[in-house]
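One structure is given here, and the rest of the page talks about it.
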Amino acid sequence: MESSKVIHAFYTDDEMLLDAVKTVKAAHHHIEEVFCPFPVHGLDKAMGLAPTRLAITAFLYGITGLGFAIWMTNYMMIDNWPQDIGGKPSFSWAENMPAFVPIMFELTVFFAAHLMVITFYMRSRIWPFKDAENPDPRTTDDHFLMEIPVHNNEAELTSLLSETGAVEINVVDKH
Amino acid sequence: MYQFSGRLKTFSLALIILGFVGLAYSFYNGSQKTLEDAKHAIEAANSDAHGAGHGEAATPHAAEAGHDSHALKTDKEAHASEDKDTSHGDVHASSEAHGTSHDDEHATHVLHQLQNRPWSAFYVALFFSLGLTLLVLTFYAIQRVAQVGWSVVILRVMEAITANLLPVSIIMIIVLAASVMHINHLFPWMAEGVFDPESDKYDAIIDGKSIWMNATGFMLRSIAYLVIWNVYRFLIRKGSIKEDTANDGNKTYKKNYNMSVVFLFLFMITESMMSWDWIMGLDPHWFSTLFGWYVMATLLVSALTVIAFVTIYLRSKNALPGINDSHIHDLAKFMFGFSVFWTYLWFAQFMLIWYADIPEETTYFVARFTEYKLPFLGMVVMNFVFPILLLINSDFKSRPWFVFIGGAVILMGHYVDVFVMVMPSTVGAQWSFGIPELSAIFFFIGLFIYTTFSAFAKANPIAKGNPFLKESEHFHYYNIEHTGEGSGDHH
């Protein structure tokens with residue numbers, strides 16, 4: 001099938017890759033995916049990807065953690081087994097609040113960090129024992145790979161990409 | 001080259017004159033206070049307290065009431081925690097007896113507080129102005145030591161602000177000398193008889209600290225701090241201007257680097273000691289081991305805000321070639337980050353003292369939670385909650401208006417912070433916010449504007465001999481768009 005054909009263009013420099021992405025976008029070609037050995041600042045914007053909503057989830061997870069910490073400290077220290085904190089036997093959560101601030105802080109960070117990472121993995125469809133998706137192992141070392149679907153314009157794309165400084169251009173059938 | 005505009009100059013001079021007139025009036029007013037005024041103030045406070053049936057209104061005097069058996073009995077149940085405060089760190093109160101001598105001594109104490117008010121108002125603004133200028137100098141030294149790239153286009157802005165250091169240092173020396181010469185009563189440990197075992201004002205706790213707390217040592221140390229800071233400021237400014245035309249394979253640049261390393265080392269020591277001498281010394285019984293850091297956090301976040309303000313102003317006048325939104329964004333990130341840092345230190349200091357609940361430590365917070373509740377808790381909102389909510393958004397950090405609003409609240413909040421550090425020990429319950437405080441603020445803002453902008457006009461606005469200038473001009477934080485540029489200009 002013609003539409004499952006893709007071009008793999010390899011680059012060895014992140015700045016060159018960034019310029020190449022801009023050139024390809026300027027020529028109105030769709031970029032399917034870019035595989036990098038490390039995050040390249042500004043690549044998402046150059047590819048025209050929508051801004052990530054991960055920050056919003058992080059905020060919500062943080063609030064959840066804060067709420068959990070408040071519930072937990074109240075349950076453990078006030079309700080279930082009332083404790084005299086720092087010689088101030090008020091047995092009220094609000095009056096002992098300063099003692100709980102470190103716990104509230106830590107659980108906020110804990111929830112935000114862990115749940116955000118898990119969300120990121122799920123969203124990126126990465127989970128244990130999953131086979132790698134990157135088409136070439138060199139993208140985990142020192143090569144950048146740009147994947148562009150071919151629609152009967154193989155020659156045009158190849159010449160455009162070789163002008164952008166690609167070190168290797170392959171046309172492959174994607175399964 | 002930037003020209004210090006006539007309008008701004010007139011404005012700054014007007015502020016200085018306005019402040020000066022207000023201060024002169026306040027000092028005159030303060031010197032006219034008599035024992036009668038003090039007794040009136042006490043009466044007013046007492047009638048409030050008894051009228052309210054020993055309710056909340058009685059707490060403002062809980063600290064002093066600890067020596068008053070009548071108040072102690074009635075307030076004991078309701079204010080158990082405050083009344084633990086029997087060793088209140090107040091020299092004047094420590095030897096108080098009952099009866100008429102007690103009333104007179106109490107009145108003298110209140111009179112001193114009334115007389116202290118213009119001095120304290122001046123001292124708060126003076127310390128704030130000196131401290132934030134010092135921290136701008138430190139932040140500048142950090143840029144040099146870290147060989148920072150992004151900030152090179154605003155190095156001259158920081159340098160210009162540090163021009164404020166010399167005049168405020170001179171004023172500081174004068175005020176401290178006046179304290180040592182008993183012209184004011186800011187520092188209780190300087191009072192007559194505190195170190196004399198024969199005197200009824202003898203204070204064994206302070207006497208135990210006399211190795212540190214003595215007038216000679218205090219003055220020598222104060223002068224040493226100020227000289228160290230001003231010498232570095234003088235040398236680095238000269239070295240920085242020399243860099244512009246040096247063209248000597250970065251030899252001058254390296255020399256400036258070495259000087260800044262030495263300064264940062266000395267700063268770390270002198271800043272802590274300065275905060276013990278000038279602020280903690282106001283409460284001579286009380287101590288906190290992280291006080292130096294806490295004061296530094298307050299001054300650092302104020303310093304960064306002031307750098308951002310001056311940068312935004314000069315940029316709006318097109319006086320800063322090479323500057324872009326990313327530089328403002330970075331300054332705002334620092335403002336945000338150090339607001340959180342300040343809160344961390346503020347809370348760490350509070351929580352440890354609250355948890356341990358040792359009377360000699362809690363006095364500091366008892367005084368602030370009773371007589372200063374609104375400014376003390378209000379500043380946490382201004383210095384933490386507000387900047388967090390406003391500046392957490394990445395897009396807002398490069399918008400001058402948001403940075404300005406956030407910065408204005410941060411600066412006011414940290415002024416209140418210094419206010420609450422100083423006032424409870426010097427004027428106690430006799431505080432308010434009026435002509436003395438406002439005049440002092442006006443005076444130092446005027447002085448700041450005058451020194452900063454006249455210094456900025458005297459040198460090339462860009463440190464063009466700096467080897468990292470190119471990096472700074474091309475600085476672009478990847479996550480934001482610069483105004484007036486398309487995404488095609490991204491690098």
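Starting from 1 in every chain, residues are counted up; chains themselves are A, B, ... following the order of the structure tokens, and ligands are numbered from 1 as listed.
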Do you have, as a Markdown table, the list of residues of chain A lying at most 10 Å from chain B, each with its nearest atom pair and that distance in Å to one decimal, counting only C-alpha atoms and ordered by chain then number?
| residue | atom | partner | partner_atom | distance |
| --- | --- | --- | --- | --- |
| A:Glu15 | CA | B:His491 | CA | 8.3 |
| A:Leu18 | CA | B:His491 | CA | 8.6 |
| A:Asp19 | CA | B:His491 | CA | 9.2 |
| A:Lys22 | CA | B:Gly488 | CA | 7.9 |
| A:Ala26 | CA | B:Gly488 | CA | 9.9 |
| A:Val40 | CA | B:Tyr478 | CA | 9.7 |
| A:His41 | CA | B:Tyr478 | CA | 5.9 |
| A:Gly42 | CA | B:Tyr478 | CA | 5.4 |
| A:Leu43 | CA | B:Tyr478 | CA | 9.2 |
| A:Asp44 | CA | B:Asn479 | CA | 9.8 |
| A:Lys45 | CA | B:Ser487 | CA | 7.9 |
| A:Ala46 | CA | B:Ser487 | CA | 7.7 |
| A:Pro51 | CA | B:Asn479 | CA | 9.9 |
| A:Ile85 | CA | B:Tyr355 | CA | 7.9 |
| A:Gly86 | CA | B:Tyr355 | CA | 5.2 |
| A:Gly87 | CA | B:Asp357 | CA | 8.0 |
| A:Lys88 | CA | B:Tyr355 | CA | 8.7 |
| A:Asn96 | CA | B:Tyr355 | CA | 9.2 |
| A:Met97 | CA | B:Met351 | CA | 9.8 |
| A:Pro98 | CA | B:Met351 | CA | 6.1 |
| A:Ala99 | CA | B:Met351 | CA | 7.1 |
| A:Phe100 | CA | B:Met351 | CA | 10.0 |
| A:Val101 | CA | B:Met351 | CA | 9.0 |
| A:Pro102 | CA | B:Ala348 | CA | 9.6 |
Please list as a ChimeraX atom specification every residue within 6 Å of range 29-36 of chain A, counting only C-alpha atoms and excluding residues in the same chain fewer than 6 positions away. /A:139,144-148
Run DSSP on the backbone and tell me which residues of range 377-435 of chain B come out as alpha helix (DSSP H); list them as a VMD selection string. chain B and resid 377 to 380 386 to 391 400 to 426 435
Store the residues picked out above, limited to N, CA and C atoms, as a compact mmCIF listing (two decimals), in the first residue's frame.
# COMPACT_ATOMS: atom_id res chain seq x y z
N LEU B 377 0.79 38.33 59.71
CA LEU B 377 0.19 37.28 58.89
C LEU B 377 -0.12 37.80 57.49
N GLY B 378 -0.41 39.11 57.39
CA GLY B 378 -0.69 39.69 56.08
C GLY B 378 0.49 39.57 55.14
N MET B 379 1.70 39.70 55.70
CA MET B 379 2.87 39.65 54.82
C MET B 379 3.08 38.25 54.24
N VAL B 380 2.60 37.22 54.92
CA VAL B 380 2.74 35.87 54.36
C VAL B 380 1.87 35.74 53.11
N PHE B 386 0.33 35.48 47.10
CA PHE B 386 0.12 36.33 45.92
C PHE B 386 1.14 36.06 44.81
N PRO B 387 2.45 36.09 45.10
CA PRO B 387 3.41 35.80 44.02
C PRO B 387 3.24 34.40 43.44
N ILE B 388 2.90 33.43 44.29
CA ILE B 388 2.71 32.06 43.78
C ILE B 388 1.59 32.05 42.75
N LEU B 389 0.46 32.65 43.11
CA LEU B 389 -0.69 32.58 42.22
C LEU B 389 -0.45 33.40 40.95
N LEU B 390 0.22 34.55 41.09
CA LEU B 390 0.37 35.42 39.94
C LEU B 390 1.49 34.96 39.01
N LEU B 391 2.61 34.56 39.58
CA LEU B 391 3.80 34.32 38.76
C LEU B 391 4.03 32.85 38.42
N PRO B 400 5.34 42.64 31.25
CA PRO B 400 5.77 43.66 32.21
C PRO B 400 4.73 44.00 33.26
N TRP B 401 3.44 44.01 32.87
CA TRP B 401 2.43 44.44 33.84
C TRP B 401 2.25 43.45 34.97
N PHE B 402 2.30 42.16 34.62
CA PHE B 402 2.16 41.16 35.67
C PHE B 402 3.37 41.18 36.60
N VAL B 403 4.56 41.32 35.98
CA VAL B 403 5.77 41.37 36.80
C VAL B 403 5.71 42.60 37.71
N PHE B 404 5.19 43.70 37.17
CA PHE B 404 5.11 44.91 37.97
C PHE B 404 4.14 44.74 39.15
N ILE B 405 2.96 44.19 38.87
CA ILE B 405 1.97 44.04 39.95
C ILE B 405 2.50 43.06 41.01
N GLY B 406 3.02 41.92 40.52
CA GLY B 406 3.58 40.95 41.46
C GLY B 406 4.71 41.56 42.26
N GLY B 407 5.60 42.29 41.57
CA GLY B 407 6.75 42.90 42.22
C GLY B 407 6.34 43.95 43.24
N ALA B 408 5.32 44.74 42.92
CA ALA B 408 4.89 45.78 43.85
C ALA B 408 4.42 45.15 45.16
N VAL B 409 3.65 44.06 45.03
CA VAL B 409 3.16 43.39 46.24
C VAL B 409 4.33 42.76 47.00
N ILE B 410 5.28 42.17 46.26
CA ILE B 410 6.45 41.56 46.92
C ILE B 410 7.23 42.62 47.69
N LEU B 411 7.46 43.77 47.04
CA LEU B 411 8.25 44.81 47.72
C LEU B 411 7.53 45.32 48.96
N MET B 412 6.21 45.55 48.84
CA MET B 412 5.47 46.02 50.01
C MET B 412 5.48 44.95 51.10
N GLY B 413 5.31 43.70 50.68
CA GLY B 413 5.29 42.61 51.65
C GLY B 413 6.60 42.50 52.40
N HIS B 414 7.71 42.69 51.69
CA HIS B 414 8.99 42.54 52.37
C HIS B 414 9.35 43.78 53.17
N TYR B 415 8.80 44.94 52.78
CA TYR B 415 8.93 46.09 53.68
C TYR B 415 8.22 45.76 54.99
N VAL B 416 7.02 45.21 54.88
CA VAL B 416 6.27 44.86 56.10
C VAL B 416 7.06 43.83 56.91
N ASP B 417 7.74 42.92 56.20
CA ASP B 417 8.54 41.91 56.90
C ASP B 417 9.62 42.59 57.76
N VAL B 418 10.35 43.52 57.16
CA VAL B 418 11.39 44.23 57.92
C VAL B 418 10.73 45.05 59.04
N PHE B 419 9.60 45.65 58.73
CA PHE B 419 8.84 46.42 59.72
C PHE B 419 8.54 45.54 60.95
N VAL B 420 8.08 44.33 60.69
CA VAL B 420 7.70 43.44 61.78
C VAL B 420 8.93 42.85 62.47
N MET B 421 10.09 42.87 61.78
CA MET B 421 11.33 42.45 62.45
C MET B 421 11.77 43.50 63.46
N VAL B 422 11.56 44.78 63.13
CA VAL B 422 12.14 45.86 63.91
C VAL B 422 11.17 46.39 64.95
N MET B 423 9.96 46.72 64.51
CA MET B 423 9.04 47.51 65.33
C MET B 423 8.67 46.88 66.67
N PRO B 424 8.33 45.58 66.74
CA PRO B 424 7.89 45.05 68.03
C PRO B 424 8.93 45.25 69.13
N SER B 425 10.22 45.26 68.76
CA SER B 425 11.25 45.41 69.79
C SER B 425 11.49 46.87 70.13
N THR B 426 11.23 47.78 69.19
CA THR B 426 11.60 49.17 69.45
C THR B 426 10.42 50.04 69.89
N ILE B 435 2.90 59.30 59.06
CA ILE B 435 3.86 60.22 58.45
C ILE B 435 5.31 59.75 58.60
Write out as a list in words the residues lying within 9 Å of Thr343 in chain B, counting only C-alpha atoms and excluding same-chain residues fewer than 6 positions away. Ala297, Val380, Asn383 and Phe384 of chain B
Let's have the selection written as a PDB file, in the first residue's frame, with N, CA and C atoms.
ATOM      1  N   ALA B 297      17.068  36.103  52.657  1.00  0.00           N
ATOM      2  CA  ALA B 297      16.011  35.729  51.719  1.00  0.00           C
ATOM      3  C   ALA B 297      15.086  36.908  51.461  1.00  0.00           C
ATOM      4  N   VAL B 380       2.597  37.223  54.918  1.00  0.00           N
ATOM      5  CA  VAL B 380       2.735  35.872  54.362  1.00  0.00           C
ATOM      6  C   VAL B 380       1.874  35.740  53.112  1.00  0.00           C
ATOM      7  N   ASN B 383       3.769  37.893  50.474  1.00  0.00           N
ATOM      8  CA  ASN B 383       5.078  37.395  50.042  1.00  0.00           C
ATOM      9  C   ASN B 383       5.043  35.978  49.522  1.00  0.00           C
ATOM     10  N   PHE B 384       3.963  35.271  49.781  1.00  0.00           N
ATOM     11  CA  PHE B 384       3.916  33.872  49.351  1.00  0.00           C
ATOM     12  C   PHE B 384       2.712  33.600  48.455  1.00  0.00           C
TER      13      PHE B 384
END
Could you give me, as a JSON list (two decimals) with N, CA and C atoms, in the first residue's frame, the residues within 9 Å of range 258-260 of chain B, counting only C-alpha atoms and dropping anything in the same chain fewer than 3 positions from it?
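The resulting file, part19.json, is shown below:
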[["chain", "number", "residue", "atom", "x", "y", "z"],
["B", 138, "THR", "N", 25.35, 41.57, 45.59],
["B", 138, "THR", "CA", 25.68, 40.16, 45.73],
["B", 138, "THR", "C", 25.23, 39.37, 44.51],
["B", 140, "TYR", "N", 24.85, 40.46, 41.62],
["B", 140, "TYR", "CA", 25.78, 40.85, 40.55],
["B", 140, "TYR", "C", 27.09, 40.07, 40.68],
["B", 141, "ALA", "N", 27.60, 39.95, 41.89],
["B", 141, "ALA", "CA", 28.84, 39.20, 42.11],
["B", 141, "ALA", "C", 28.63, 37.74, 41.73],
["B", 142, "ILE", "N", 27.44, 37.20, 42.01],
["B", 142, "ILE", "CA", 27.15, 35.81, 41.63],
["B", 142, "ILE", "C", 27.20, 35.66, 40.11],
["B", 144, "ARG", "N", 29.01, 37.26, 38.10],
["B", 144, "ARG", "CA", 30.41, 37.26, 37.67],
["B", 144, "ARG", "C", 31.10, 35.94, 38.02],
["B", 145, "VAL", "N", 30.84, 35.46, 39.23],
["B", 145, "VAL", "CA", 31.52, 34.24, 39.66],
["B", 145, "VAL", "C", 31.02, 33.04, 38.86],
["B", 232, "TYR", "N", 34.30, 46.75, 47.66],
["B", 232, "TYR", "CA", 34.05, 45.87, 46.51],
["B", 232, "TYR", "C", 33.25, 46.61, 45.44],
["B", 235, "LEU", "N", 35.55, 48.98, 43.53],
["B", 235, "LEU", "CA", 36.53, 48.31, 42.66],
["B", 235, "LEU", "C", 35.86, 47.62, 41.47],
["B", 236, "ILE", "N", 34.72, 46.98, 41.72],
["B", 236, "ILE", "CA", 34.11, 46.21, 40.64],
["B", 236, "ILE", "C", 33.51, 47.15, 39.60],
["B", 253, "TYR", "N", 38.63, 40.89, 32.88],
["B", 253, "TYR", "CA", 37.46, 40.06, 33.20],
["B", 253, "TYR", "C", 37.80, 39.05, 34.30],
["B", 254, "LYS", "N", 38.96, 38.45, 34.19],
["B", 254, "LYS", "CA", 39.37, 37.46, 35.19],
["B", 254, "LYS", "C", 39.66, 38.11, 36.53],
["B", 255, "LYS", "N", 40.22, 39.32, 36.46],
["B", 255, "LYS", "CA", 40.49, 40.04, 37.71],
["B", 255, "LYS", "C", 39.17, 40.34, 38.43],
["B", 263, "PHE", "N", 34.65, 38.71, 47.40],
["B", 263, "PHE", "CA", 33.51, 39.43, 47.98],
["B", 263, "PHE", "C", 32.44, 38.46, 48.45],
["B", 264, "LEU", "N", 32.11, 37.46, 47.63],
["B", 264, "LEU", "CA", 31.04, 36.53, 48.03],
["B", 264, "LEU", "C", 31.40, 35.81, 49.32],
["B", 265, "PHE", "N", 32.66, 35.45, 49.46],
["B", 265, "PHE", "CA", 33.11, 34.81, 50.69],
["B", 265, "PHE", "C", 32.89, 35.74, 51.89]]
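Each of A:Leu161, A:Val6, A:Ile78, A:Ile126 was checked against Lys174 in chain A using only C-alpha atoms; the smallest atom-to-atom distance is that of A:Val6.
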Run DSSP on the backbone and grab whatever in chain A lands in strand (DSSP E); send it over as a PyMOL selection string. chain A and resi 5-11+33-35+144-149+168-173
